[in-house]
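S.K.: I'd like to ask you about the structure that follows.
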Amino acid sequence: MTLAVFDEETIVSQIYIVRGKRVMLDKDLADLYQAKPKALRQQVKRNIERFPGDFMFQLTKAEAESMVSQNVTPSMQYFGGTMPYAFSEQGVAMLSSVLKSKRAIQVNLQIIRTFVKLRELLNNHKDLRDNIDRIERKYDQQFKVVFEAIRHMFEVDDTKKQFGFVKIEEGPTEN
């Protein structure tokens, strides 16, 4: 039996890019699981061997301050007085093995599905971006020819004789 715990937008709004990885913070995960952040961190610490560096890492003070300065989080108090842990998609999946509640299982399923959809969207955008790059390269070549033709039109060819009126300066004439 699956329960709709919350909408996809809620999850997406809590996925951040830190150290080049899409991650979720322990506090946000605890809120989704309806657990206390401290309890979540304790479970992780008791099972730390399940969370290698590519599954979970603790933010540095500079990273946390950067999130505050970029208005990702309202203040340092948001983190609850400790530097937060950041969980990658694999780390979130591993949380289901240490958090045994039915809600944790349902939340994890929704989070993993959201990560998968994000990855699919990013791949689709990559294909679109690649197509745009290909089109730009094609048209850049075509416009290059046009601009070269225009430049050529403005070049002065000294081999051609000039024509038109010539002003002759005459001095006073004697009559």
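Going by the structure tokens order, chains are called A, B, ..., each with residues numbered from 1, while ligands are numbered from 1 in the order shown.
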Among range 10-155 of chain A, which ones does DSSP place in alpha helix (DSSP H), written as a PyMOL selection string?
M.R.: chain A and resi 10-12+26-33+37-46+61-69+89-98+102-154
S.K.: Considering only C-alpha atoms, return as an mmCIF file with C-alpha atoms, in the first residue's frame whatever protein or nucleic-acid residues lie within 12 Å of Glu63 in chain A, sequence-local ones (same chain, fewer than 2 positions apart) excluded.
M.R.:
```
data_model
loop_
_atom_site.group_PDB
_atom_site.id
_atom_site.type_symbol
_atom_site.label_atom_id
_atom_site.label_comp_id
_atom_site.auth_asym_id
_atom_site.auth_seq_id
_atom_site.Cartn_x
_atom_site.Cartn_y
_atom_site.Cartn_z
ATOM 1 C CA TYR A 16 20.617 21.302 -3.450
ATOM 2 C CA ILE A 17 23.838 21.191 -5.407
ATOM 3 C CA VAL A 18 26.794 20.900 -3.032
ATOM 4 C CA ARG A 19 30.277 19.838 -4.154
ATOM 5 C CA PHE A 57 29.102 14.090 3.920
ATOM 6 C CA GLN A 58 28.975 16.865 6.474
ATOM 7 C CA LEU A 59 28.883 20.432 5.166
ATOM 8 C CA THR A 60 31.732 22.714 6.112
ATOM 9 C CA LYS A 61 31.009 26.002 7.833
ATOM 10 C CA GLU A 65 27.361 30.029 5.182
ATOM 11 C CA SER A 66 27.281 30.023 1.396
ATOM 12 C CA MET A 67 23.816 28.458 1.454
ATOM 13 C CA VAL A 68 22.655 31.214 3.805
ATOM 14 C CA SER A 69 24.252 34.003 1.740
ATOM 15 C CA GLN A 70 22.607 32.665 -1.436
ATOM 16 C CA VAL A 72 19.009 28.833 0.013
ATOM 17 C CA THR A 73 18.406 28.694 3.763
ATOM 18 C CA MET A 76 22.572 29.410 10.179
ATOM 19 C CA PHE A 79 20.678 23.960 10.632
ATOM 20 C CA MET A 83 26.789 21.483 10.505
ATOM 21 C CA PRO A 84 24.272 19.501 8.490
ATOM 22 C CA TYR A 85 24.826 16.215 6.757
ATOM 23 C CA ALA A 86 24.142 16.122 3.030
#
```
S.K.: Suppose you want the space between CA of Ile112 in chain A and CA of Val92 in chain A; what is it in Å?
M.R.: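 Separation between CA of Ile112 in chain A and CA of Val92 in chain A: 7.6 Å.
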S.K.: What is the CA of Asp26 in chain A-CA of Lys38 in chain A distance in Å, reported with one decimal?
M.R.: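 Value for the CA of Asp26 in chain A-CA of Lys38 in chain A distance: 9.0 Å.
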S.K.: Could you please determine the separation between CA of Gly80 in chain A and CA of Tyr33 in chain A in Å, to one decimal place?
M.R.: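 Between CA of Gly80 in chain A and CA of Tyr33 in chain A the gap is 16.8 Å.
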S.K.: Write down as a VMD selection string the residues of range 57-116 of chain A whose backbone DSSP state falls under strand (DSSP E or B).
M.R.: chain A and resid 57 to 58 85 to 87
S.K.: Mind running range 8-51 of chain A against range 117-122 of chain A at 12 Å and telling me each contacting residue's nearest atom pair with the distance in Å (one decimal), counting only C-alpha atoms, chain and number ascending, as CSV?
M.R.:
```
residue,atom,partner,partner_atom,distance
A:Glu8,CA,A:Lys117,CA,9.7
A:Glu9,CA,A:Leu118,CA,11.1
A:Ile11,CA,A:Leu118,CA,10.7
A:Val12,CA,A:Leu118,CA,8.3
A:Ser13,CA,A:Leu118,CA,11.7
A:Ile15,CA,A:Leu118,CA,10.0
A:Lys21,CA,A:Arg119,CA,11.9
A:Arg22,CA,A:Leu118,CA,9.8
```
S.K.: Mind writing the picked residues with C-alpha atoms as a PDB file, in the first residue's frame?
M.R.:
```pdb
ATOM      1  CA  GLU A   8       7.168  16.214  -5.923  1.00  0.00           C
ATOM      2  CA  GLU A   9       7.737  19.985  -5.775  1.00  0.00           C
ATOM      3  CA  ILE A  11      11.167  17.307  -2.634  1.00  0.00           C
ATOM      4  CA  VAL A  12      12.637  19.217  -5.587  1.00  0.00           C
ATOM      5  CA  SER A  13      12.733  22.409  -3.513  1.00  0.00           C
ATOM      6  CA  ILE A  15      17.455  19.205  -3.352  1.00  0.00           C
ATOM      7  CA  LYS A  21      26.303  16.656  -6.296  1.00  0.00           C
ATOM      8  CA  ARG A  22      22.535  16.799  -5.896  1.00  0.00           C
TER       9      ARG A  22
END
```
S.K.: Write out as an MDAnalysis selection string each polymer residue whose atoms come within 10 Å of Asn108 in chain A, counting only C-alpha atoms; drop sequence neighbours fewer than 3 positions from it.
M.R.: chainID A and resid 29 32:33 89 92:96 99 102:105 111:114
S.K.: Limited to N, CA and C atoms, could you put the picked residues into a file as a JSON list (two decimals), in the first residue's frame?
M.R.:
```json
[["chain", "number", "residue", "atom", "x", "y", "z"],
["A", 29, "LEU", "N", 15.28, 16.10, 5.40],
["A", 29, "LEU", "CA", 14.89, 14.69, 5.40],
["A", 29, "LEU", "C", 14.14, 14.34, 6.69],
["A", 32, "LEU", "N", 10.64, 15.54, 6.48],
["A", 32, "LEU", "CA", 9.83, 14.68, 5.61],
["A", 32, "LEU", "C", 9.48, 13.37, 6.31],
["A", 33, "TYR", "N", 10.44, 12.82, 7.07],
["A", 33, "TYR", "CA", 10.22, 11.56, 7.78],
["A", 33, "TYR", "C", 9.40, 11.77, 9.06],
["A", 89, "GLU", "N", 21.62, 10.85, -3.62],
["A", 89, "GLU", "CA", 20.52, 9.93, -3.93],
["A", 89, "GLU", "C", 20.78, 8.55, -3.31],
["A", 92, "VAL", "N", 20.25, 8.70, 0.44],
["A", 92, "VAL", "CA", 18.83, 8.68, 0.79],
["A", 92, "VAL", "C", 18.30, 7.24, 0.70],
["A", 93, "ALA", "N", 18.70, 6.54, -0.34],
["A", 93, "ALA", "CA", 18.27, 5.14, -0.48],
["A", 93, "ALA", "C", 18.78, 4.32, 0.71],
["A", 94, "MET", "N", 19.99, 4.57, 1.13],
["A", 94, "MET", "CA", 20.56, 3.82, 2.26],
["A", 94, "MET", "C", 19.83, 4.14, 3.56],
["A", 95, "LEU", "N", 19.29, 5.36, 3.67],
["A", 95, "LEU", "CA", 18.54, 5.71, 4.88],
["A", 95, "LEU", "C", 17.39, 4.74, 5.13],
["A", 96, "SER", "N", 16.81, 4.22, 4.06],
["A", 96, "SER", "CA", 15.68, 3.30, 4.25],
["A", 96, "SER", "C", 16.12, 2.03, 4.96],
["A", 99, "LEU", "N", 16.35, 3.50, 8.80],
["A", 99, "LEU", "CA", 15.11, 4.05, 9.35],
["A", 99, "LEU", "C", 13.99, 3.07, 8.99],
["A", 102, "LYS", "N", 7.28, 2.86, 8.47],
["A", 102, "LYS", "CA", 6.57, 2.79, 7.20],
["A", 102, "LYS", "C", 6.65, 4.14, 6.48],
["A", 103, "ARG", "N", 6.57, 5.21, 7.23],
["A", 103, "ARG", "CA", 6.66, 6.54, 6.62],
["A", 103, "ARG", "C", 8.02, 6.74, 5.97],
["A", 104, "ALA", "N", 9.08, 6.32, 6.63],
["A", 104, "ALA", "CA", 10.43, 6.46, 6.06],
["A", 104, "ALA", "C", 10.53, 5.72, 4.74],
["A", 105, "ILE", "N", 9.95, 4.55, 4.67],
["A", 105, "ILE", "CA", 9.98, 3.77, 3.44],
["A", 105, "ILE", "C", 9.24, 4.50, 2.33],
["A", 111, "ILE", "N", 11.23, 10.13, -2.77],
["A", 111, "ILE", "CA", 12.47, 10.88, -3.01],
["A", 111, "ILE", "C", 13.26, 10.25, -4.16],
["A", 112, "ILE", "N", 13.41, 8.95, -4.14],
["A", 112, "ILE", "CA", 14.16, 8.26, -5.19],
["A", 112, "ILE", "C", 13.48, 8.48, -6.54],
["A", 113, "ARG", "N", 12.16, 8.38, -6.58],
["A", 113, "ARG", "CA", 11.44, 8.64, -7.84],
["A", 113, "ARG", "C", 11.68, 10.06, -8.33],
["A", 114, "THR", "N", 11.72, 11.00, -7.41],
["A", 114, "THR", "CA", 11.96, 12.39, -7.78],
["A", 114, "THR", "C", 13.38, 12.58, -8.32]]
```
